[in-house]
Each structure stands twice: as structure tokens, then as C-alpha cells.
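Step one of this worksheet: look at the structure below.
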Amino acid sequence: MAGAIIENMSTKKLVIVGVTLLLFQAFAFMVGGLIAPSPTTAVHYLATKCVDTTKHRAETKWFMPWGPNQCEKIRNFEEAMAKKIEANNIVFAVHIPLPNKEMSPWFQFMLVILQFDIAFKIHNQIEDGSLATIDVGLAYRDDTVSEWTEMAHSFEQRKLSCNFTTAKTYENEGRYYECDLLPFMEVGSVAHKYYLLNIRLPVNERKKVNVGIGEIKDIRLVSIHQNGGFTKVWFAMKTFLTPSILIIMIWYWRRITLMSRPPVLLEKVILALGISMTFINIPVEWFSVGFNWTWMLLFGDIRQGIFYSMLLSFWIIFCGEHLMDQTERNRFSVYWKQVGPIVFGSFCLFIFDMCERGVQLTNPFYSIWASDVGTELAMAFIIVAGICACLYFLFLCFMVFQVFRNISGKRTSLPAMSKARRLHYEGLIFRFKFLMLVTLTCAAMTVIFFIISQVNEGHWHWGEHTVQVNSAFFTGIYGMWNLYVFAIMFLYAPSHKRYGDEHSSGQCITGDNGGNSGEDIQLTTTITHVDGPTEIYKMTGKEAQE
């Protein structure tokens, strides 16, 4: 074979391919910016205070805040005291969604955040390190007349983190504490139309349960779910891109197998990148619309983690295979020091994910952020992951700089060549450098996307700090990954075209009069074990051998 398409395709055709990919990239951003709504919607709820008059709770009774079978209500706790209603008989009821609305499988997930409204009282202040014990049940139904079916029930504890910004005096009694939002519930699918939450705050002074948590006036919830319109756009993109990557991957590998030599490491890694991209593209989420698959969130995280690992490893190997300071190439073991930490980091993130979303498959009220140790661990994971992503990008920049420096050093051999050969190699070097800059741009965008995603996922647990992520950013980055993988497989596929008619790119290059053949030979090689997909690859292999 006579090298790869990136070096044998005419400049005009290459520009057309580049402009086409750029237009598709712009279209990916426009799909999110102009067609898709915002990725998520937040709906605020105020819990209704219901009275449980049953003396013996043999069966679970569900309390509806409104509708034909609504519960007996009280406005505040002063009314409860006047009616001699105990705290254990008060149930906070929240119906999701609001009246005259329905939930939909297109919402994909439901994340619920809790906030207490706590009034300051001199003789009933919030103690340091106080824990609120919550008896919570979740039920569902798919019409307005059938009975509620229990989905989950749990006793949970949440640590209160509240501040009273004014002086703690009698004059300021009745003012509210400023309390942080608390993680409450996460459900991996929204398969039913209506959900009902019944929350109790059981009091047991002897066991110190819910003692020292202040005077709770109200419970507020924020329900966050993915927008149905965004989900449809996202699914459509996956459905369109899956066959595109699959076809180019099959075409690429077929061209590789037609060659007389076995595939080199770089070509195998490009195939692995295509497989991981296809794996994340396959729109299995369509099934979540018809089936109650609560594990889809976890499965999506695993797929994205595999793709991240493969993409980051590919960039390391892609740059490393073009460095001239290596005497050994085409061996995966050479890169264990660089790829090993990537795999280890991905495995740690997987364990962290399993510790939360894995447990939530059986208990949607579980949260690793609910305890001090869990919060510190989660914060440490996010911060360390962000730092590692930045360090990775800096290391990649260093590798690209080395590649540029080494290849620029080889340009000193070009003046000794004939004009045609010199222009040919200058063109190859320019194309390769341009591709490396595109790679760096993709890496930078990926690192930014990863960090913002981590911050955005955790911002409800941190308080005020939040980052708004537009739909265009999601669709644009996702489109960028696909276009990059498509371009790499296309450009690094073996070309059927031969440079210089009877001269093969893999052979020694001679000048017009043969006088400068010594210089030309330094730019390429016929050694089999450094034979590879492109002239630049072979140039660097020759230099490493020398």
C-alpha cells in the first residue's frame, strides 16, 4: 500500500472533507442551540402537612395532598398543637408532578432535592452536627383513580447545615435559618405518570431521634428531570450517528486487512476507538421509553467511562507513535506508564459511581453525599478528577510539542531534495501538524466538558455554586467526538493511490539525478517493523532507529 489517505489525497479534496466536517460540527451545535430545549427542568414543590388519624398502621396508607381523596390537612404546627396532634402523626405529602400534569418516560431520570424551612427559637435551636431522621415512602400509579403502589420505603438520615445570619435574640424569633440543600432521591427511569412522596419526621426523645433539629415549619422539594424535547433530539442524534461510525469502521478495517503486512499498533488503537464510539452511540435508550429500566443511568455512565478511557489512551499512543525518541514502537507495553493511570482512574470513578448509583437501584433515597465521610470522599473524587484531567491535557500538549520539535528538526533535510519531493514532504508535515492541532482542540474541549459535567452533577450538593450547561454544548461535544473519530478512521485508512506513479511511498525516495538520495533515504525507511500507515510515522520510526 502507498500510505494513508491523509497524505495521498489531493489538497482540494482534503479541504472539501475538512469543510464538510466543519459544517457538520456547526450543525451539531445548532441542533442543541436552536432545536433542543434546555437539558433539564427544575420544578419546586411545597409539601402539604397531612394528619394521620389511623391508630394501628397495619397497612401502608398513602396521603394525597390534593384531589378527590385528599388528606386531612393542617396549615401549621400551631394548629396541630391546638388540636393536640402529635408530631409523629404529621405526614408531609408531595405529589409529582403538579396538578393537571403527567410525568413521561422521555424525562429519563428524576432527581429530588430537599430543603427544610426551620424557624429560630431561643429554646429550640439547631444543635451542632444534628441529624434529621426521615421516614419516607415513594409510590406510583398510572391513572388518577387506581390505588397507589409502593415503589420504595426507607429510613434516612440527613445532616443539617444551617446558618442564622442575625443575632440569636428573642426579637429575631420566627426568622428562618439559611439551610443547605440536601440530596434526597434519584430514580433512574420515569416509567409512571404519577408519583407520591410521604415524608414523616418521627420524634423519639428517649433515643434522641429528631431532637435538636430546630422548629421545622415546612419541607420544600426540587424535582429535576431531563426535558422530553432534549431527550428526543439526543436519541435522534444517536440514531443517525450510529450507522455512520459503524460503516466507516467496517470500511476502515476492511482496508487494513487487505494489506500485505499485519496491522500496526496505531491502526489497532484507531479500530478500538471506533468500537468504543459505536458502543456509546448505540441508542439503547430507546428501550427506556417502553421499559422500566432503572439501571440505564449507571449503564450510561459505564459506557461514557469506557469511551473516555479509550479516547485519552488513543491520544497518548497517537502522539507517542510519532515521537522520534523511541527505539521500540508498535508495542502496547511501551505505554503502560501513561495508559495505566488512565485505566486506574477510570476504574476508581467506576467504583465511586457504583457506590452511589449502584445502591440506588434498590434504594433511590441513598446518597453518598448524606454523610460527612461520603461528602468529603465525593468532593475529593471530583476535585482530583478535575486536576488529573488538566494534568493530562498539559502532558498531551508536551507530547505534541515534542513531536512538532522533532519533525521540524527533520525539515533541515528537505532543501537537499528535488523541488517536487520537498513540496510533497512539506505538505505531509503541514497536514500532520494541522491534525495534531485539531487533536489538541478536541482534547481541550473534552477536558472542559468533563470538568463542567462533574461540577454540574455535584452543584446541588455544594450550595450556591453552579454552572449552567446549554444544550448546544452537549450536542456540540457529542458531535465533535463522532466527527473526530470519523475523520481519524477515514484519514488513516490505507490509500490505493500511489505518489509519483511508479514510486511507492514506502520505498526509498530518490531525487531527479540521484545525487541527493542519501538525504532522501533519511526521511523514510524500508525496515519492516517500523512500517506503518503514513510517511510521518515511517520518518519518525527511522529517526528512532538511528
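For the C-alpha cells, the naming scheme is as follows: chains receive sequential letters (A, B, ...) according to their order of presentation, residues are indexed from 1 within each chain, and ligands are indexed from 1 in presentation order.
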
Find the nearest atom pair between each residue of range 299-400 of chain A and range 127-133 of chain A for residues within 12 Å, count only C-alpha atoms, give distances in Å to one decimal, sort rows by chain and ascending number, and present the table as a Markdown table.
```
| residue | atom | partner | partner_atom | distance |
| --- | --- | --- | --- | --- |
| A:Ala370 | CA | A:Leu131 | CA | 10.0 |
| A:Ser371 | CA | A:Leu131 | CA | 9.9 |
| A:Asp372 | CA | A:Gly129 | CA | 10.0 |
```

Selection to disk with all heavy atoms, as a compact mmCIF listing (two decimals), in the first residue's frame:
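After the write, selection26.txt holds the following:
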```
# COMPACT_ATOMS: atom_id res chain seq x y z
N ALA A 370 -24.83 12.08 51.84
CA ALA A 370 -25.61 12.23 53.07
C ALA A 370 -24.74 12.22 54.32
O ALA A 370 -25.15 12.74 55.36
CB ALA A 370 -26.66 11.12 53.15
N SER A 371 -23.55 11.64 54.25
CA SER A 371 -22.67 11.58 55.42
C SER A 371 -21.45 12.46 55.21
O SER A 371 -21.10 12.81 54.08
CB SER A 371 -22.23 10.14 55.67
OG SER A 371 -21.44 9.66 54.59
N ASP A 372 -20.79 12.82 56.30
CA ASP A 372 -19.58 13.65 56.23
C ASP A 372 -18.48 12.95 55.45
O ASP A 372 -17.83 13.55 54.58
CB ASP A 372 -19.08 13.99 57.63
CG ASP A 372 -19.97 15.01 58.32
OD1 ASP A 372 -20.70 15.71 57.61
OD2 ASP A 372 -19.93 15.11 59.56
```

Between A:Tyr140, A:Tyr425, A:Phe344, A:Trp336, which residue has the minimum interatomic distance to Asn8 in chain A, considering only C-alpha atoms?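 Ranked by minimum distance to Asn8 in chain A, first place goes to A:Tyr425.
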
Find the residues near Ser223 in chain A: any atom within 10 Å, counting only C-alpha atoms, skip ones fewer than 3 places away on the same chain, and give them as a list of chain:residue names. A:Thr41, A:Ala42, A:Val43, A:His44, A:Tyr45, A:Ile96, A:Pro97, A:Met110, A:Leu111, A:Val112, A:Ile113, A:Leu114, A:Phe184, A:Met185, A:Glu186

Quick one: residues within 7 Å of range 228-233 of chain A, only C-alpha atoms counted, chain neighbours fewer than 3 positions away excluded, as a list of chain:residue names?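 After dropping sequence-adjacent residues, the list is A:Ala36, A:Pro37, A:Ser38, A:Pro39, A:Trp106, A:Phe107, A:Ala236, A:Met237.
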
Write out the residues from the selection above, keeping all heavy atoms, as a compact mmCIF listing (two decimals), in the first residue's frame.
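File produced: again_18.txt:
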```txt
# COMPACT_ATOMS: atom_id res chain seq x y z
N ALA A 36 -33.17 21.91 20.26
CA ALA A 36 -33.38 21.26 21.56
C ALA A 36 -33.64 22.29 22.66
O ALA A 36 -33.02 23.34 22.68
CB ALA A 36 -32.17 20.41 21.93
N PRO A 37 -34.55 21.99 23.59
CA PRO A 37 -34.70 22.86 24.76
C PRO A 37 -33.54 22.63 25.73
O PRO A 37 -32.64 21.85 25.45
CB PRO A 37 -36.04 22.38 25.37
CG PRO A 37 -36.15 20.95 24.93
CD PRO A 37 -35.47 20.85 23.59
N SER A 38 -33.57 23.30 26.88
CA SER A 38 -32.52 23.10 27.87
C SER A 38 -32.52 21.64 28.34
O SER A 38 -33.57 20.99 28.33
CB SER A 38 -32.71 24.04 29.05
OG SER A 38 -33.96 23.79 29.68
N PRO A 39 -31.37 21.10 28.73
CA PRO A 39 -31.30 19.67 29.06
C PRO A 39 -32.21 19.24 30.20
O PRO A 39 -32.78 18.16 30.16
CB PRO A 39 -29.82 19.47 29.44
CG PRO A 39 -29.09 20.60 28.79
CD PRO A 39 -30.05 21.74 28.79
N TRP A 106 -39.94 9.95 28.68
CA TRP A 106 -38.97 10.79 27.97
C TRP A 106 -38.15 11.63 28.94
O TRP A 106 -37.11 12.18 28.57
CB TRP A 106 -39.67 11.70 26.97
CG TRP A 106 -40.29 10.97 25.82
CD1 TRP A 106 -41.61 10.67 25.66
CD2 TRP A 106 -39.62 10.44 24.68
NE1 TRP A 106 -41.79 9.98 24.49
CE2 TRP A 106 -40.60 9.83 23.86
CE3 TRP A 106 -38.29 10.41 24.26
CZ2 TRP A 106 -40.27 9.20 22.66
CZ3 TRP A 106 -37.96 9.80 23.07
CH2 TRP A 106 -38.96 9.20 22.28
N PHE A 107 -38.60 11.74 30.20
CA PHE A 107 -37.85 12.52 31.19
C PHE A 107 -36.59 11.79 31.66
O PHE A 107 -35.74 12.40 32.32
CB PHE A 107 -38.74 12.85 32.39
CG PHE A 107 -39.88 13.78 32.07
CD1 PHE A 107 -40.95 13.94 32.94
CD2 PHE A 107 -39.90 14.50 30.89
CE1 PHE A 107 -42.00 14.80 32.65
CE2 PHE A 107 -40.95 15.36 30.57
CZ PHE A 107 -42.00 15.51 31.46
N ALA A 236 -32.30 11.10 18.55
CA ALA A 236 -32.22 11.23 17.09
C ALA A 236 -30.76 11.32 16.64
O ALA A 236 -30.36 10.71 15.64
CB ALA A 236 -33.01 12.45 16.63
N MET A 237 -29.96 12.08 17.38
CA MET A 237 -28.52 12.20 17.05
C MET A 237 -27.83 10.84 17.15
O MET A 237 -27.06 10.44 16.27
CB MET A 237 -27.84 13.18 18.00
CG MET A 237 -28.03 14.64 17.66
SD MET A 237 -26.94 15.71 18.62
CE MET A 237 -25.34 15.37 17.90
```

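The smallest atom-to-atom distance between Phe434 in chain A and any of A:Asn406, A:Val400, A:Leu34, A:Val447, using only C-alpha atoms, is found for A:Val400.
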
Leaving out Trp253 in chain A and any residue of its chain fewer than 4 positions from it, which residues lie within 8 Å of it when counting only C-alpha atoms, given as a PyMOL selection string? chain A and resi 249+257+271+493

Compile the contact shell of range 296-300 of chain A as a VMD selection string: residues with an atom at most 12 Å away, counting only C-alpha atoms, same-chain residues fewer than 3 positions apart removed. chain A and resid 108 to 111 186 to 190 226 279 to 289 291 to 293 303 to 307 349 to 361
